[in-house]
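So this one's final37.pdb, PDB, C-alpha atoms:
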```
ATOM      1  CA  MET A  14     107.958  81.277  91.005
ATOM      2  CA  GLU A  15     110.213  84.294  91.425
ATOM      3  CA  ASN A  16     112.862  84.475  94.104
ATOM      4  CA  SER A  17     111.206  86.229  97.056
ATOM      5  CA  SER A  18     114.501  87.795  98.147
ATOM      6  CA  GLU A  19     114.662  89.770  94.885
ATOM      7  CA  ILE A  20     111.157  91.199  94.981
ATOM      8  CA  VAL A  21     111.215  94.911  95.809
ATOM      9  CA  SER A  22     108.151  96.007  93.833
ATOM     10  CA  PHE A  23     104.784  94.848  92.526
ATOM     11  CA  VAL A  24     103.358  95.310  89.046
ATOM     12  CA  LEU A  25      99.814  96.694  88.730
ATOM     13  CA  ALA A  26      98.820  94.657  85.695
ATOM     14  CA  ALA A  27      95.233  95.871  85.312
ATOM     15  CA  TYR A  28      96.149  99.105  83.515
ATOM     16  CA  GLY A  29      96.926  97.532  80.165
ATOM     17  CA  ASN A  30      97.559  99.540  77.018
ATOM     18  CA  VAL A  31      94.848 102.111  76.309
ATOM     19  CA  GLY A  32      96.833 104.034  73.709
ATOM     20  CA  GLU A  33      95.947 107.701  73.257
ATOM     21  CA  LEU A  34      92.945 107.312  75.579
ATOM     22  CA  LYS A  35      95.340 107.575  78.516
ATOM     23  CA  TYR A  36      95.358 111.366  78.040
ATOM     24  CA  LEU A  37      91.560 111.493  78.305
ATOM     25  CA  TYR A  38      91.564 109.214  81.347
ATOM     26  CA  PHE A  39      94.275 111.328  82.945
ATOM     27  CA  VAL A  40      92.251 114.541  82.525
ATOM     28  CA  ILE A  41      89.050 112.924  83.849
ATOM     29  CA  ILE A  42      90.768 111.433  86.901
ATOM     30  CA  LEU A  43      92.660 114.664  87.613
ATOM     31  CA  PHE A  44      89.470 116.725  87.328
ATOM     32  CA  TRP A  45      87.598 114.356  89.655
ATOM     33  CA  TYR A  46      90.434 114.339  92.200
ATOM     34  CA  LEU A  47      90.726 118.137  92.208
ATOM     35  CA  SER A  48      86.931 118.466  92.481
ATOM     36  CA  ILE A  49      86.911 116.239  95.557
ATOM     37  CA  CYS A  50      89.746 118.171  97.199
ATOM     38  CA  VAL A  51      88.284 121.599  96.374
ATOM     39  CA  ALA A  52      84.713 120.720  97.426
ATOM     40  CA  ASN A  53      85.778 119.239 100.759
ATOM     41  CA  THR A  54      88.321 122.002 101.437
ATOM     42  CA  VAL A  55      85.705 124.704 100.772
ATOM     43  CA  LEU A  56      83.324 122.999 103.178
ATOM     44  CA  ILE A  57      86.036 122.845 105.857
ATOM     45  CA  VAL A  58      86.874 126.540 105.376
ATOM     46  CA  VAL A  59      83.202 127.586 105.515
ATOM     47  CA  ILE A  60      82.685 125.724 108.781
ATOM     48  CA  ARG A  61      85.933 127.158 110.152
ATOM     49  CA  VAL A  62      85.017 130.758 109.250
ATOM     50  CA  ASP A  63      81.334 130.728 110.248
ATOM     51  CA  ILE A  64      81.186 130.842 114.061
ATOM     52  CA  GLN A  65      77.553 129.678 114.012
ATOM     53  CA  LEU A  66      78.743 126.372 112.579
ATOM     54  CA  HIS A  67      81.172 125.700 115.434
ATOM     55  CA  GLU A  68      79.025 122.882 116.763
ATOM     56  CA  PRO A  69      79.889 119.199 117.307
ATOM     57  CA  MET A  70      77.933 117.981 114.292
ATOM     58  CA  TYR A  71      79.666 120.372 111.890
ATOM     59  CA  ILE A  72      83.092 119.679 113.395
ATOM     60  CA  LEU A  73      82.485 115.983 112.770
ATOM     61  CA  LEU A  74      81.424 116.887 109.240
ATOM     62  CA  CYS A  75      84.848 118.518 108.853
ATOM     63  CA  ASN A  76      86.349 115.251 110.026
ATOM     64  CA  LEU A  77      84.478 113.424 107.253
ATOM     65  CA  CYS A  78      85.811 115.932 104.722
ATOM     66  CA  VAL A  79      89.376 115.378 105.936
ATOM     67  CA  ASN A  80      88.843 111.647 105.562
ATOM     68  CA  GLN A  81      87.546 112.061 101.998
ATOM     69  CA  ILE A  82      90.628 114.075 101.069
ATOM     70  CA  ASN A  83      92.784 111.400 102.705
ATOM     71  CA  VAL A  84      91.289 108.468 100.809
ATOM     72  CA  SER A  85      91.285 110.371  97.506
ATOM     73  CA  THR A  86      94.925 111.352  97.956
ATOM     74  CA  SER A  87      95.721 107.727  98.757
ATOM     75  CA  LEU A  88      94.298 106.513  95.436
ATOM     76  CA  TYR A  89      94.166 109.145  92.696
ATOM     77  CA  PRO A  90      97.816 110.284  92.601
ATOM     78  CA  LEU A  91      98.767 106.618  92.181
ATOM     79  CA  LEU A  92      96.302 106.242  89.312
ATOM     80  CA  LEU A  93      97.594 109.417  87.671
ATOM     81  CA  SER A  94     101.245 108.399  87.991
ATOM     82  CA  GLN A  95     100.549 104.979  86.501
ATOM     83  CA  MET A  96      98.784 106.395  83.444
ATOM     84  CA  PHE A  97     102.089 107.277  81.776
ATOM     85  CA  SER A  98     104.140 104.436  83.229
ATOM     86  CA  ASP A  99     105.346 101.641  80.963
ATOM     87  CA  SER A 100     106.179  99.179  83.735
ATOM     88  CA  HIS A 101     103.320 100.034  86.172
ATOM     89  CA  GLU A 102     105.580  99.124  89.064
ATOM     90  CA  VAL A 103     105.046 100.226  92.650
ATOM     91  CA  THR A 104     107.625  99.607  95.378
ATOM     92  CA  LEU A 105     106.633  97.479  98.365
ATOM     93  CA  PRO A 106     106.892 100.299 100.973
ATOM     94  CA  TRP A 107     104.824 102.659  98.806
ATOM     95  CA  CYS A 108     102.300  99.889  98.108
ATOM     96  CA  PHE A 109     101.886  99.118 101.815
ATOM     97  CA  LEU A 110     101.636 102.808 102.756
ATOM     98  CA  HIS A 111      99.079 103.450 100.024
ATOM     99  CA  MET A 112      97.061 100.356 101.036
ATOM    100  CA  SER A 113      97.099 101.219 104.749
ATOM    101  CA  SER A 114      96.038 104.811 104.136
ATOM    102  CA  MET A 115      93.127 103.680 101.981
ATOM    103  CA  TYR A 116      91.997 101.051 104.458
ATOM    104  CA  ILE A 117      92.139 103.460 107.403
ATOM    105  CA  SER A 118      89.595 105.651 105.626
ATOM    106  CA  GLY A 119      86.918 102.921 105.761
ATOM    107  CA  PRO A 120      86.613 102.546 109.529
ATOM    108  CA  ALA A 121      87.255 106.291 109.924
ATOM    109  CA  GLU A 122      84.203 107.004 107.755
ATOM    110  CA  PHE A 123      81.950 104.518 109.531
ATOM    111  CA  CYS A 124      83.126 105.561 112.996
ATOM    112  CA  SER A 125      82.685 109.259 112.181
ATOM    113  CA  LEU A 126      79.088 108.614 111.115
ATOM    114  CA  ALA A 127      78.537 106.526 114.240
ATOM    115  CA  ALA A 128      79.914 109.360 116.421
ATOM    116  CA  MET A 129      78.029 112.091 114.601
ATOM    117  CA  ARG A 130      76.751 113.639 117.819
ATOM    118  CA  VAL A 131      79.724 113.030 120.100
ATOM    119  CA  PHE A 132      82.411 115.647 119.432
ATOM    120  CA  PHE A 133      85.158 114.282 121.680
ATOM    121  CA  MET A 134      85.112 111.033 119.673
ATOM    122  CA  ILE A 135      87.094 112.533 116.750
ATOM    123  CA  LEU A 136      90.492 111.591 118.152
ATOM    124  CA  PHE A 137      89.181 108.160 119.111
ATOM    125  CA  VAL A 138      87.890 107.634 115.551
ATOM    126  CA  TRP A 139      91.346 108.047 114.023
ATOM    127  CA  ILE A 140      93.120 106.003 116.715
ATOM    128  CA  TYR A 141      90.520 103.239 116.381
ATOM    129  CA  SER A 142      90.787 103.237 112.569
ATOM    130  CA  PHE A 143      94.588 103.199 112.624
ATOM    131  CA  LEU A 144      94.755 100.354 115.130
ATOM    132  CA  SER A 145      92.138  98.295 113.277
ATOM    133  CA  VAL A 146      94.269  98.383 110.123
ATOM    134  CA  ILE A 147      97.563  97.752 111.929
ATOM    135  CA  LEU A 148      96.176  94.844 113.960
ATOM    136  CA  SER A 149      94.518  93.301 110.911
ATOM    137  CA  PHE A 150      97.186  93.695 108.245
ATOM    138  CA  SER A 151     100.561  94.433 109.851
ATOM    139  CA  PHE A 152     101.599  90.810 109.302
ATOM    140  CA  ILE A 153     101.597  91.480 105.533
ATOM    141  CA  PHE A 154     104.612  93.776 105.898
ATOM    142  CA  SER A 155     106.844  90.857 106.918
ATOM    143  CA  LEU A 156     105.659  88.317 104.336
ATOM    144  CA  LYS A 157     107.927  86.818 101.713
ATOM    145  CA  PHE A 158     106.550  87.109  98.202
ATOM    146  CA  CYS A 159     106.964  84.731  95.281
ATOM    147  CA  GLY A 160     105.131  86.834  92.687
ATOM    148  CA  THR A 161     104.852  90.460  91.591
ATOM    149  CA  ILE A 162     101.713  90.755  89.425
ATOM    150  CA  ILE A 163      98.679  92.454  91.038
ATOM    151  CA  GLU A 164      95.595  92.243  88.802
ATOM    152  CA  ASN A 165      94.212  95.607  89.847
ATOM    153  CA  VAL A 166      94.898  99.334  89.537
ATOM    154  CA  TYR A 167      95.867  99.735  93.200
ATOM    155  CA  CYS A 168      97.362  97.642  96.015
ATOM    156  CA  ASN A 169      94.653  95.309  97.287
ATOM    157  CA  HIS A 170      95.526  93.212 100.337
ATOM    158  CA  ARG A 171      93.824  90.054  99.038
ATOM    159  CA  LEU A 172      95.761  90.174  95.792
ATOM    160  CA  ILE A 173      98.973  90.867  97.701
ATOM    161  CA  LEU A 174      98.356  87.839  99.934
ATOM    162  CA  ARG A 175      98.018  85.653  96.835
ATOM    163  CA  LEU A 176     101.583  86.609  95.960
ATOM    164  CA  SER A 177     102.994  85.396  99.289
ATOM    165  CA  CYS A 178     105.092  82.247  99.303
ATOM    166  CA  PHE A 179     102.821  80.520 101.800
ATOM    167  CA  VAL A 180      99.159  80.693 102.814
ATOM    168  CA  SER A 181      98.289  80.947 106.502
ATOM    169  CA  VAL A 182      95.014  80.831 108.403
ATOM    170  CA  HIS A 183      96.076  84.280 109.620
ATOM    171  CA  ASN A 184      95.180  85.590 106.157
ATOM    172  CA  PHE A 185      91.539  84.578 106.572
ATOM    173  CA  LEU A 186      91.321  85.629 110.224
ATOM    174  CA  SER A 187      92.713  89.097 109.450
ATOM    175  CA  ASP A 188      89.872  89.711 106.988
ATOM    176  CA  ILE A 189      87.271  88.622 109.534
ATOM    177  CA  LEU A 190      88.828  90.791 112.254
ATOM    178  CA  PHE A 191      88.953  93.853 110.001
ATOM    179  CA  LEU A 192      85.333  93.441 108.877
ATOM    180  CA  ILE A 193      84.061  93.057 112.443
ATOM    181  CA  VAL A 194      86.098  95.866 113.970
ATOM    182  CA  SER A 195      85.970  98.338 111.078
ATOM    183  CA  PHE A 196      82.499  97.829 109.627
ATOM    184  CA  PHE A 197      80.189  95.570 111.627
ATOM    185  CA  ILE A 198      80.602  97.339 114.993
ATOM    186  CA  PRO A 199      80.297 100.941 113.652
ATOM    187  CA  PHE A 200      77.429  99.976 111.321
ATOM    188  CA  THR A 201      75.591  98.366 114.239
ATOM    189  CA  LEU A 202      75.992 101.548 116.302
ATOM    190  CA  ILE A 203      74.738 103.654 113.390
ATOM    191  CA  SER A 204      71.714 101.384 112.887
ATOM    192  CA  VAL A 205      70.824 101.461 116.594
ATOM    193  CA  SER A 206      71.073 105.266 116.698
ATOM    194  CA  TYR A 207      68.713 105.697 113.719
ATOM    195  CA  VAL A 208      66.237 103.190 115.145
ATOM    196  CA  LYS A 209      66.155 105.244 118.346
ATOM    197  CA  ILE A 210      65.722 108.486 116.363
ATOM    198  CA  LEU A 211      62.810 107.002 114.386
ATOM    199  CA  ALA A 212      61.250 105.708 117.605
ATOM    200  CA  VAL A 213      61.385 109.197 119.130
ATOM    201  CA  CYS A 214      60.057 110.806 115.934
ATOM    202  CA  ARG A 215      56.920 108.675 116.061
ATOM    203  CA  LYS A 216      55.945 110.433 119.299
ATOM    204  CA  THR A 217      56.654 114.011 118.192
ATOM    205  CA  SER A 218      54.814 116.577 116.093
ATOM    206  CA  THR A 219      54.662 116.535 112.301
ATOM    207  CA  GLU A 220      57.034 119.512 112.125
ATOM    208  CA  ASN A 221      59.654 117.747 114.227
ATOM    209  CA  LYS A 222      59.257 114.624 112.106
ATOM    210  CA  GLN A 223      59.956 116.668 108.971
ATOM    211  CA  LYS A 224      63.053 118.233 110.554
ATOM    212  CA  ALA A 225      64.318 114.827 111.600
ATOM    213  CA  MET A 226      63.774 113.414 108.111
ATOM    214  CA  THR A 227      65.541 116.402 106.531
ATOM    215  CA  THR A 228      68.550 115.753 108.774
ATOM    216  CA  CYS A 229      68.589 111.974 108.688
ATOM    217  CA  VAL A 230      67.792 111.134 105.049
ATOM    218  CA  PRO A 231      71.081 112.516 103.598
ATOM    219  CA  GLN A 232      73.017 110.666 106.300
ATOM    220  CA  ILE A 233      71.111 107.433 105.629
ATOM    221  CA  VAL A 234      71.852 107.751 101.900
ATOM    222  CA  SER A 235      75.539 108.318 102.657
ATOM    223  CA  VAL A 236      75.691 105.357 105.054
ATOM    224  CA  SER A 237      73.856 103.129 102.557
ATOM    225  CA  ASN A 238      76.251 104.072  99.767
ATOM    226  CA  LEU A 239      79.204 103.441 102.070
ATOM    227  CA  PHE A 240      77.745 100.073 103.048
ATOM    228  CA  VAL A 241      77.263  99.036  99.409
ATOM    229  CA  GLY A 242      80.815 100.100  98.583
ATOM    230  CA  SER A 243      82.087  98.147 101.577
ATOM    231  CA  ILE A 244      80.277  95.033 100.354
ATOM    232  CA  PHE A 245      82.008  95.375  96.978
ATOM    233  CA  GLN A 246      85.305  95.707  98.842
ATOM    234  CA  SER A 247      84.645  92.831 101.221
ATOM    235  CA  ILE A 248      83.511  90.279  98.649
ATOM    236  CA  ASP A 249      86.272  88.918  96.474
ATOM    237  CA  SER A 250      84.691  90.114  93.229
ATOM    238  CA  SER A 251      87.147  88.144  91.122
ATOM    239  CA  VAL A 252      85.239  85.060  92.261
ATOM    240  CA  ILE A 253      81.831  86.307  91.145
ATOM    241  CA  VAL A 254      82.856  88.593  88.259
ATOM    242  CA  ALA A 255      84.816  87.146  85.371
ATOM    243  CA  HIS A 256      85.300  90.416  83.465
ATOM    244  CA  LEU A 257      88.399  92.250  84.740
ATOM    245  CA  GLN A 258      87.055  95.755  83.998
ATOM    246  CA  ILE A 259      83.873  95.128  86.027
ATOM    247  CA  HIS A 260      85.999  93.672  88.813
ATOM    248  CA  ILE A 261      88.085  96.866  88.916
ATOM    249  CA  ILE A 262      85.040  99.179  88.849
ATOM    250  CA  LEU A 263      83.460  97.311  91.768
ATOM    251  CA  SER A 264      86.687  97.463  93.757
ATOM    252  CA  ILE A 265      87.093 101.248  93.391
ATOM    253  CA  TYR A 266      83.375 102.156  93.531
ATOM    254  CA  ILE A 267      83.617 103.354  97.135
ATOM    255  CA  PHE A 268      86.623 105.573  96.333
ATOM    256  CA  ILE A 269      84.844 107.211  93.383
ATOM    257  CA  CYS A 270      81.384 107.950  94.800
ATOM    258  CA  GLN A 271      81.796 108.347  98.564
ATOM    259  CA  PRO A 272      84.274 111.306  98.612
ATOM    260  CA  MET A 273      81.745 113.629  96.936
ATOM    261  CA  GLU A 274      78.883 112.884  99.360
ATOM    262  CA  SER A 275      80.103 114.816 102.377
TER     263      SER A 275
END
```

Go through the file and emit its structure as structure tokens.
Amino acid sequence: MENSSEIVSFVLAAYGNVGELKYLYFVIILFWYLSICVANTVLIVVIRVDIQLHEPMYILLCNLCVNQINVSTSLYPLLLSQMFSDSHEVTLPWCFLHMSSMYISGPAEFCSLAAMRVFFMILFVWIYSFLSVILSFSFIFSLKFCGTIIENVYCNHRLILRLSCFVSVHNFLSDILFLIVSFFIPFTLISVSYVKILAVCRKTSTENKQKAMTTCVPQIVSVSNLFVGSIFQSIDSSVIVAHLQIHIILSIYIFICQPMES
């Protein structure tokens, strides 16, 4: 074990040596990151400029776009910077900031979808998401660490906890708290709202049913994709997946696909 008092950074060991392919990976990741930022920024500008779109639903859509830019900026610059790094080190403060920013995006996304028709909820969404992360994982910031190797391409809280010098029941309880507060509660609200919408649609005309389906289907697809990505994040895939590359793909699935769905 390493001396915990000397640990000031972690090593992201999952990058490995890809040789000249790092240039190709860099271009692909940069292109994807810029595409996410441009697409979401354009959508925000269009909604801002078009007065007819100044309605609660479109304002909340802007909020989703801001969240997608946030989560992408939390992950992709780190990936890009590590492509040409020999040591793949990341300092503890930067690792914690990067991790917190990424984790805030999860409940922010779910809560935004749950509040899709309640405009004044935007501020509450961000406060709720911030507090859910702080209450669940703030104890990590004060831990003493006896290891530095993180077997992933970004700072994952479970892998960080494995590096701590002692294991506490708080580690397990924090995961449960975060899942309940950040995913179970918002997902339940979303499910209830769509059940009510479908119940109302059964009693309306065929035209209204078609309008409702046109509106709801894209949102259901987005929520389903977010839910699948959250499952990959919630389950410790290193337990069920032996291959490191598959483990990494599952862990970043939500950060790759979800930002382009807004």

Exercise. Quick one, how far is atom CA of Asp188 of chain A from atom CA of Pro106 of chain A?
Worked result: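 The value is 20.9 Å.
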
For this structure, which residues satisfy the selection - the PyMOL selection byres ((chain A and resi 45) around 12) - when it is evaluated on the file as given? I want them as a short mmCIF file (atom, residue, chain, number, x, y, z; two decimals) with C-alpha atoms, in the coordinates of the input.
```
data_model
loop_
_atom_site.label_atom_id
_atom_site.label_comp_id
_atom_site.auth_asym_id
_atom_site.auth_seq_id
_atom_site.Cartn_x
_atom_site.Cartn_y
_atom_site.Cartn_z
CA TYR A 38 91.56 109.21 81.35
CA PHE A 39 94.28 111.33 82.94
CA VAL A 40 92.25 114.54 82.52
CA ILE A 41 89.05 112.92 83.85
CA ILE A 42 90.77 111.43 86.90
CA LEU A 43 92.66 114.66 87.61
CA PHE A 44 89.47 116.72 87.33
CA TYR A 46 90.43 114.34 92.20
CA LEU A 47 90.73 118.14 92.21
CA SER A 48 86.93 118.47 92.48
CA ILE A 49 86.91 116.24 95.56
CA CYS A 50 89.75 118.17 97.20
CA VAL A 51 88.28 121.60 96.37
CA ALA A 52 84.71 120.72 97.43
CA ILE A 82 90.63 114.08 101.07
CA SER A 85 91.28 110.37 97.51
CA THR A 86 94.92 111.35 97.96
CA LEU A 88 94.30 106.51 95.44
CA TYR A 89 94.17 109.14 92.70
CA PRO A 90 97.82 110.28 92.60
CA LEU A 92 96.30 106.24 89.31
CA LEU A 93 97.59 109.42 87.67
CA PHE A 268 86.62 105.57 96.33
CA ILE A 269 84.84 107.21 93.38
CA CYS A 270 81.38 107.95 94.80
CA PRO A 272 84.27 111.31 98.61
CA MET A 273 81.74 113.63 96.94
#
```

Exercise. Counting all atoms listed in the file, what is within 6 Å of Cys75 of chain A, bar same-chain residues fewer than 3 positions away, as a VMD selection string?
Worked result: chain A and resid 57 72 78

Now that the selection is made, can you save its residues with C-alpha atoms as a compact mmCIF listing (two decimals), keeping the file's coordinate frame?
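Just written: selection01.txt:
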```txt
# COMPACT_ATOMS: atom_id res chain seq x y z
CA ILE A 57 86.04 122.84 105.86
CA ILE A 72 83.09 119.68 113.40
CA CYS A 78 85.81 115.93 104.72
```

Exercise. Which distance in Å separates atom CA of Ala26 of chain A and atom CA of Thr161 of chain A, to one decimal?
Worked result: 9.4 Å

For this session: Kindly indicate which residue among A:Ala27, A:Tyr36, A:Glu122, A:Ser155 lies nearest to Asn238 of chain A, using all atoms listed in the file for the distances.
Result: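 Distance minimum relative to Asn238 of chain A lands on A:Glu122.
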
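Proximity to Trp139 of chain A was assessed for A:Ser187, A:Gln81, A:Asn76, A:Ser243 counting only C-alpha atoms; the smallest distance is recorded for A:Asn76.
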
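Between atom CA of Leu192 of chain A and atom CA of Ser142 of chain A the separation is 11.8 Å.
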
Exercise. Do you know which residues are at most 8 Å from segment 167-180 of chain A counting all atoms listed in the file, after dropping those on the same chain fewer than 3 positions away, and could you put them as a list in words?
Worked result: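 The neighbour list is Ser17, Leu25, Leu88, Leu91, Leu92, Cys108, Phe109, His111, Met112, Ile153, Leu156, Lys157, Phe158, Cys159, Gly160, Thr161, Ile162, Ile163, Glu164 and Asn184 of chain A.
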